[in-house]
Amino acid sequence: MRGNVFIRYGLPLLVALPISFLVLYPQVFWCLIIGSSADFRLFTSGTTSLYVNRTATANQQLQFRQHTQIAFDRIRRFWGDKRGRAILIYCPKQIDYQRYCAGGEGAGCSVGTPWGNAYLILGPEGNNTDVIAHELCHDELFSRIGWWRVKRQIPQWFNEGLALMVDYRFSNPTVWEQPDSSEQTSPFSEEMITPSFPQRPILTLTELETTRDFFGGDHTHTMLAYQTAADEVARWLAVVGRAGVPSLTNAISAGHEFNESYRQLERKRRKRIDKQEDAKSTR
Ligand SMILES: [Zn+2]
């Protein structure tokens, strides 16, 4: 009887679920079969697979491999090691980029599946160290705490803010290269601070919890969202130091809540700093 119920209901459901997922997200389907596509050439860098569309010129291919290497090194320095295993896909033409990255917006995007596959898609503007490091940072978070926890627990402002720390179009590397420095540095490089942000109400973190909150508005809203996210993560990083990032993901992997762990790490670090200050003043 039980076997019959499984064959009648369980089995069709097991088949239907992944198919519906792929119908809803066709870009995932294209990513999954990238290995058998004749339109791409495969390169490897360590254990990472890089698929470069055959429309890329020899110069674009060379630059892509160089930018990828520099981005990998940046990720290793920031996280302590690199655990992300995403497959990189580079499409120099917009028409190809759109197929692999829904909507084809931005310079790059990440595609992940609940069962653990991860792809980073770089478009015509994505052959750039900052863009690649940004996407690799999203993948690093994904591989350390899993797709489900990223979707359920991590607010979008943190996911983006963290990626902006290795994306020097938007941030200053000294924020985390010397995180204990008492000198406060603006996370934004000079050209980002100036006129591109017209007068708008300042966003709060609670308004940037979901992907829709973050990216659902116009261009100015998204730029403000990036600025707010980068400011907050840079502020937190300046207190907890670079080691705070893997400490946070370890705590979340161990079952702790994001908000609680994020604040607790900062409180602990501040207490330690206060103790050191007291010891100094009583000397
Ligand atoms: Zn991002």
# chains A, B, ... in the order shown; residues from 1 in each chain; ligands from 1
$ closest_atom_pairs --of "chain A" --to "ligand 1" --cutoff "7 Å" --atoms "only C-alpha atoms and all ligand atoms" --output "tab-separated table"
residue	atom	partner	partner_atom_place_in_ligand_line	distance
A:His134	CA	ligand 1	1 (Zn)	6.2
A:Glu135	CA	ligand 1	1 (Zn)	6.2
A:His138	CA	ligand 1	1 (Zn)	6.7
A:Glu160	CA	ligand 1	1 (Zn)	4.8
A:Ala163	CA	ligand 1	1 (Zn)	6.0
$ select_by_dssp --residues "region 22-58 of chain A" --states "strand (DSSP E)" --output "ChimeraX atom specification"
/A:40-45,48-53
$ closest_residue --among "A:Asn4, A:Ser110, A:Ala234, A:Arg242" --to "Tyr97 (chain A)" --atoms "only C-alpha atoms"
A:Ser110
$ atom_distance --atom1 "CA of Gln66 (chain A)" --atom2 "CA of Leu141 (chain A)"
23.2 Å
$ atom_distance --atom1 "CA of Tyr168 (chain A)" --atom2 "CA of Ile70 (chain A)"
12.6 Å
$ closest_residue --among "A:Cys91, A:Leu224, A:Ile132, A:Ala86" --to "Arg41 (chain A)" --atoms "only C-alpha atoms"
A:Cys91
$ residues_around --residues "Trp115 (chain A)" --least-positions-apart "6" --cutoff "10 Å" --atoms "only C-alpha atoms" --output "list in words"
Gly146, Trp147 and Trp148 of chain A
$ write_last_selection --atoms "N, CA and C atoms" --output "compact mmCIF listing (two decimals), in the first residue's frame"
# COMPACT_ATOMS: atom_id res chain seq x y z
N GLY A 146 25.55 28.04 3.22
CA GLY A 146 24.51 27.32 2.47
C GLY A 146 23.44 28.23 1.90
N TRP A 147 22.85 27.77 0.80
CA TRP A 147 21.84 28.53 0.06
C TRP A 147 20.65 28.90 0.95
N TRP A 148 20.18 27.92 1.70
CA TRP A 148 18.97 28.11 2.50
C TRP A 148 19.17 29.20 3.55
